[in-house]
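Asks: Sending over a structure as structure tokens; questions will come in a sec.
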Amino acid sequence: METTFVLPNSGHKRDDVSSKMGMWLFLFTEVLLFGGLFLVYMIYRFMYHADFMTASHELNVLIGTINTIVLLTSSMTVAMSITAMQKGDVRLSRRLILLTIVAALIFLVNKYFEWSAKFEHGLFPGMEHYNTLPNGERLFFFLYFFMTGLHALHVIVGGAFLLFVVRAINKNKVRQDRYMLLENAGLYWHLVDLIWIYLFPLFYLIH
Amino acid sequence: MSTIAANSELSFFQVAKGFRSWVTTLDHKRIALLYFYAICSFFLVGVILGFLMRLELIAPGKTIMEPHMYNQVFTLHGVIMIFLFIIPVIPAIFGNFFLPIMLGTDDVAFPKVNLLSWYLYMFGGLLALLTLVVGKGPADTGWTFYAPYSVRTGTNVTIAVLAAFILGFSSILTGLNFIVTIHRLRYPGMTFFKMPLFIWALYATSWIQLLATPIVGITLLMIVAERAFGIGLFDPAIGGDPILYQHLFWIYSHPAVYIMVLPAMGIISEIIPTFSQRTIFGYRAIAYSSLAIAFVGYFVWGHHMFTSGMSGAARVVFSILTFLVAIPSAIKVFNWVATMYKGSIDLQPPMLYVLAFIFQFLIGGLTGLINGALAADVHIHATYFVVGHFHYVMFGGTAFAFFGGIHYWFPKIWGKMYNVRWANIAFVLMFIGFNVLYFPMLILGIMGMPRRYYDYLPQFQPLNVVATVGSWILILGLIIMIVNLINAYRKGSPAGRNPWGGVTLEWQTKSPPPLQNFDKAPELSEHGPYDFK
């Protein structure tokens with residue numbers, strides 16, 4: 001075996017810039033995924049202005065506001081956990097991530113109660129009361145369930161991602177000099193937050 | 001690293017054996033070949049469906065199938081050929097195989113994600129085929145899934161649409177991987193403007209894959225939701241807007257057209273310098289024109305809806321933008337021709353495919369301008385002319401470039417040379433067959449024959465017979481090509497490192513390449529990637 005040539009630039013080597021770039025590009029596709037829905041929302045809001053107004057009064061602004069505060073706080077805790085990791089305080093970092101996951105759970109529980117109330121009122125697509133509503137209100141509720149549902153799915157994925165990071169911290173795979181996984185999970189979590197920042201006013205606040 | 005370095009004696013085929021070593025591989029070359037076998041299999045299914053369709057149209061009325069089945073056949077033909085063949089074919093096969101080698105590295109930036117996208121591709125592909133056997137059979141909507149029919153039909157639209165959604169994810173991940181690889185893993189000294197033009201084409205393509213695909217993903221999910229819950233998103237009977245669906249669909253699917261053709265143009269830009277033994281003319285112009293096509297390509301989707309309800313102003317704007325795409329495309333064609341000028345042209349099989357590409361792509365591109373002109377489009381919209389046009393671009397362009405790429409890189413990938421004489425015979429048959437098949441469609445369209453119709457008026461029959469005979473010649477050529485390549489794979493003579501005298505980095509390594517791609521340090525020329533001394 002005479003050759004010993006080794007390439008200087010390998011795809012199998014660790015490269016923090018690559019993984020961060022990959023995450024940003026992925027987040028870009030997520031924004032566009034929701035972008036399509038925002039476009040549809042905009043057009044139907046324009047077409048069925050009055051129906052959207054009526055339907056949006058059905059939503060619970062209080063729960064929405066609480067959830068917004070919860071998510072914004074969780075974005076803060078995840079950002080703090082990254083800084084803690086950079087400074088080498090692994091214990092604090094892990095606690096802050098767990099706190100973020102708790103916030104995600106609170107968000108989902110609130111969402112559960114909120115959705116249950118809608119189900120009781122028969123507002124889910126296909127239900128008896130839903131079918132008697134005018135077209136615009138039906139579209140509103142459909143978009144409400146579809147967009148907040150897709151968002152809730154992202155909350156679950158983001159929470160699972162953070163849990164995965166906690167496991168990696170326990171195995172010492174994420175540490176002070178190697179925290180890209182945590183940072184990417186944080187970026188993803190901020191996206192989840194960002195999308196909610198748009199969903200909240202669109203569905204709850206604009207009357 | 002010592003084990004890897006020691007393995008450079010062995011080719012990437014030899015380092016590990018067995019089924020498991022393939023389906024769990026992280027080697028970009030093996031993943032490329034996994035794609036190769038899968039995509040070619042789906043392609044052959046698509047070819048058979050196309051063949052059956054042409055056979056049905058040899059005479060008016062019923063020939064071999066019922067109208068409903070005909071609708072399903074052209075839909076499945078479209079779905080397979082678009083989502084499973086022409087979108088992934090060049091990036092997933094040659095992109096995966098040669099992007100890292102041409103950049104002078106050993107793999108893409110995210111090898112695991114690369115394997116994941118292959119699994120997603122296979123899952124999506126098998127889901128698309130599943131529509132054949134369950135429920136009321138494959139979708140009968142056309143590959144565009146236009147609402148409201150796609151919402152109302154009882155066929156397997158939901159499964160087909162989910163398949164397209166998953167394939168979209170596979171495509172996004174491949175694009176993401178390539179962008180990061182190009183930014184991060186170039187060999188020291190290889191600047192952006194020293195990259196081969198195939199890489200530039202892949203770079204532009206990857207951005208489209210990344211930025212356009214999510215929109216169609218969510219749109220297709222909306223179709224699923226509308227079918228499941230009866231929401232009036234796109235069905236006007238319950239308050240929806242079918243034109244909105246068309247907009248959302250084409251916001252992705254028109255840029256997707258450039259996902260299909262840009263990598264093909266990249267292959268052409270590789271083959272022409274090698275077989276002219278001359279530096280590419282207008283390197284930067286070709287590189288920038290790829291980006292320009294990708295950019296302008298985002299803003300032309302409206303030309304699919306000129307006749308379906310759009311304001312006059314919007315139509316004029318979309319028409320002008322459509323014409324703009326012709327400029328970078330023409331820049332490429334002129335530069336390719338200028339590269340050949342005074343070169344020592346060697347008409348080997350890959351070069352023949354390139355010449356066919358230029359001829360057919362010109363017809364495809366120019367007929368595209370006719371479609372893009374507002375007044376002409378009213379006459380030819382949804383006629384056979386459109387079918388002829390996009391087959392000239394997609395088959396005559398991209399698929400021919402793919403075949404050219406196979407003949408160009410076959411000796412590198414498998415280390416063996418094929419029989420040139422039989423390759424030439426196959427080429428001539430395919431070239432003749434292709435033009436005999438699709439040129440009559442252009443004429444039939446202008447005569448007024450609509451696309452996607454099961455039956456036609458008697459005066460259209462002579463040209464339909466010609467087209468069907470063309471499909472037989474084309475398939476004969478295809479079979480000869482495949483047999484010739486399989487023979488070469490089994491008992492071809494060793495090709496050596498550089499059978500064509502190419503100068504991009506893949507020709508500096510062994511054929512087939514070792515696992516880490518290079519057995520000695522790649523040498524970059526100061527004068528760019530096409531330095532023929």
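Naming works like this for the structure tokens: A, B, ... for the chains as they're shown, residue 1 at the start of each chain, ligands 1 onward in shown order.
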Counting only C-alpha atoms, collect the residues of chain B whose closest atom lies at most 8 Å from chain A, and write them out as a PyMOL selection string.
Replies: chain B and resi 1-2+5-9+105-111+176-177+180-181+184-188+210-211+214-215+217-219+229-233+238-239+248+516+518-521
Asks: Which polymer residues have any atom within 12 Å of an atom of Pro201 of chain A, counting only C-alpha atoms, with same-chain residues fewer than 2 positions away left out, as an NGL selection string?
Replies: :A and (56 or 59 or 61 or 64-65 or 68 or 144 or 195-199 or 203-207)
Asks: Residues of segment 59-154 of chain B in helix (DSSP H, G or I) according to DSSP, as an mmCIF file with C-alpha atoms, in the first residue's frame?
Replies:
data_model
loop_
_atom_site.group_PDB
_atom_site.id
_atom_site.type_symbol
_atom_site.label_atom_id
_atom_site.label_comp_id
_atom_site.auth_asym_id
_atom_site.auth_seq_id
_atom_site.Cartn_x
_atom_site.Cartn_y
_atom_site.Cartn_z
ATOM 1 C CA PRO B 67 -60.783 6.410 -22.250
ATOM 2 C CA HIS B 68 -60.617 6.300 -18.462
ATOM 3 C CA MET B 69 -57.527 4.133 -18.544
ATOM 4 C CA TYR B 70 -55.979 6.440 -21.126
ATOM 5 C CA ASN B 71 -56.385 9.338 -18.676
ATOM 6 C CA GLN B 72 -54.687 7.297 -15.983
ATOM 7 C CA VAL B 73 -51.860 6.281 -18.295
ATOM 8 C CA PHE B 74 -50.969 9.813 -19.326
ATOM 9 C CA THR B 75 -51.170 10.968 -15.712
ATOM 10 C CA LEU B 76 -48.889 8.240 -14.428
ATOM 11 C CA HIS B 77 -46.555 8.774 -17.394
ATOM 12 C CA GLY B 78 -46.347 12.438 -16.434
ATOM 13 C CA VAL B 79 -45.938 11.858 -12.703
ATOM 14 C CA ILE B 80 -43.197 9.279 -13.202
ATOM 15 C CA MET B 81 -41.347 11.167 -15.896
ATOM 16 C CA ILE B 82 -41.480 14.522 -14.075
ATOM 17 C CA PHE B 83 -41.099 13.695 -10.399
ATOM 18 C CA LEU B 84 -39.205 10.408 -10.591
ATOM 19 C CA PHE B 85 -37.101 10.817 -13.688
ATOM 20 C CA ILE B 86 -36.404 14.222 -15.114
ATOM 21 C CA VAL B 89 -31.993 12.384 -12.982
ATOM 22 C CA ILE B 90 -28.938 14.576 -13.497
ATOM 23 C CA PRO B 91 -28.458 16.168 -10.047
ATOM 24 C CA ALA B 92 -29.055 12.926 -8.144
ATOM 25 C CA ILE B 93 -26.949 10.717 -10.400
ATOM 26 C CA PHE B 94 -24.172 12.754 -11.989
ATOM 27 C CA GLY B 95 -24.406 15.530 -9.418
ATOM 28 C CA ASN B 96 -23.917 13.095 -6.573
ATOM 29 C CA PHE B 97 -21.183 11.208 -8.334
ATOM 30 C CA PHE B 98 -19.162 14.050 -9.812
ATOM 31 C CA LEU B 99 -19.834 17.140 -7.713
ATOM 32 C CA PRO B 100 -17.415 16.097 -4.946
ATOM 33 C CA ILE B 101 -14.873 14.730 -7.429
ATOM 34 C CA MET B 102 -14.946 17.834 -9.595
ATOM 35 C CA LEU B 103 -14.516 19.993 -6.504
ATOM 36 C CA PRO B 111 -23.313 12.261 3.692
ATOM 37 C CA LYS B 112 -26.071 10.980 5.995
ATOM 38 C CA VAL B 113 -28.589 13.476 4.659
ATOM 39 C CA ASN B 114 -27.582 12.330 1.204
ATOM 40 C CA LEU B 115 -28.521 8.744 1.999
ATOM 41 C CA LEU B 116 -31.729 9.960 3.649
ATOM 42 C CA SER B 117 -32.762 11.727 0.463
ATOM 43 C CA TRP B 118 -32.295 8.494 -1.467
ATOM 44 C CA TYR B 119 -34.583 6.693 0.968
ATOM 45 C CA LEU B 120 -37.143 9.473 0.662
ATOM 46 C CA TYR B 121 -36.897 9.183 -3.101
ATOM 47 C CA MET B 122 -37.487 5.433 -3.001
ATOM 48 C CA PHE B 123 -40.383 5.826 -0.589
ATOM 49 C CA GLY B 124 -42.011 8.475 -2.777
ATOM 50 C CA GLY B 125 -41.408 6.424 -5.899
ATOM 51 C CA LEU B 126 -42.929 3.270 -4.483
ATOM 52 C CA LEU B 127 -45.877 5.279 -3.182
ATOM 53 C CA ALA B 128 -46.454 6.564 -6.720
ATOM 54 C CA LEU B 129 -46.424 3.000 -8.017
ATOM 55 C CA LEU B 130 -48.745 1.924 -5.204
ATOM 56 C CA TYR B 149 -61.211 17.808 -10.755
ATOM 57 C CA SER B 150 -58.375 16.517 -8.569
ATOM 58 C CA VAL B 151 -60.600 17.173 -5.555
ATOM 59 C CA ARG B 152 -63.575 15.315 -6.981
#
Asks: List the spatial neighbours of Ile169 of chain A as a ChimeraX atom specification - criterion: any atom at most 10 Å away, only C-alpha atoms, same-chain residues fewer than 5 positions off excluded.
Replies: /A:85,90-91,93-94,163-164,174-176,179,181-182
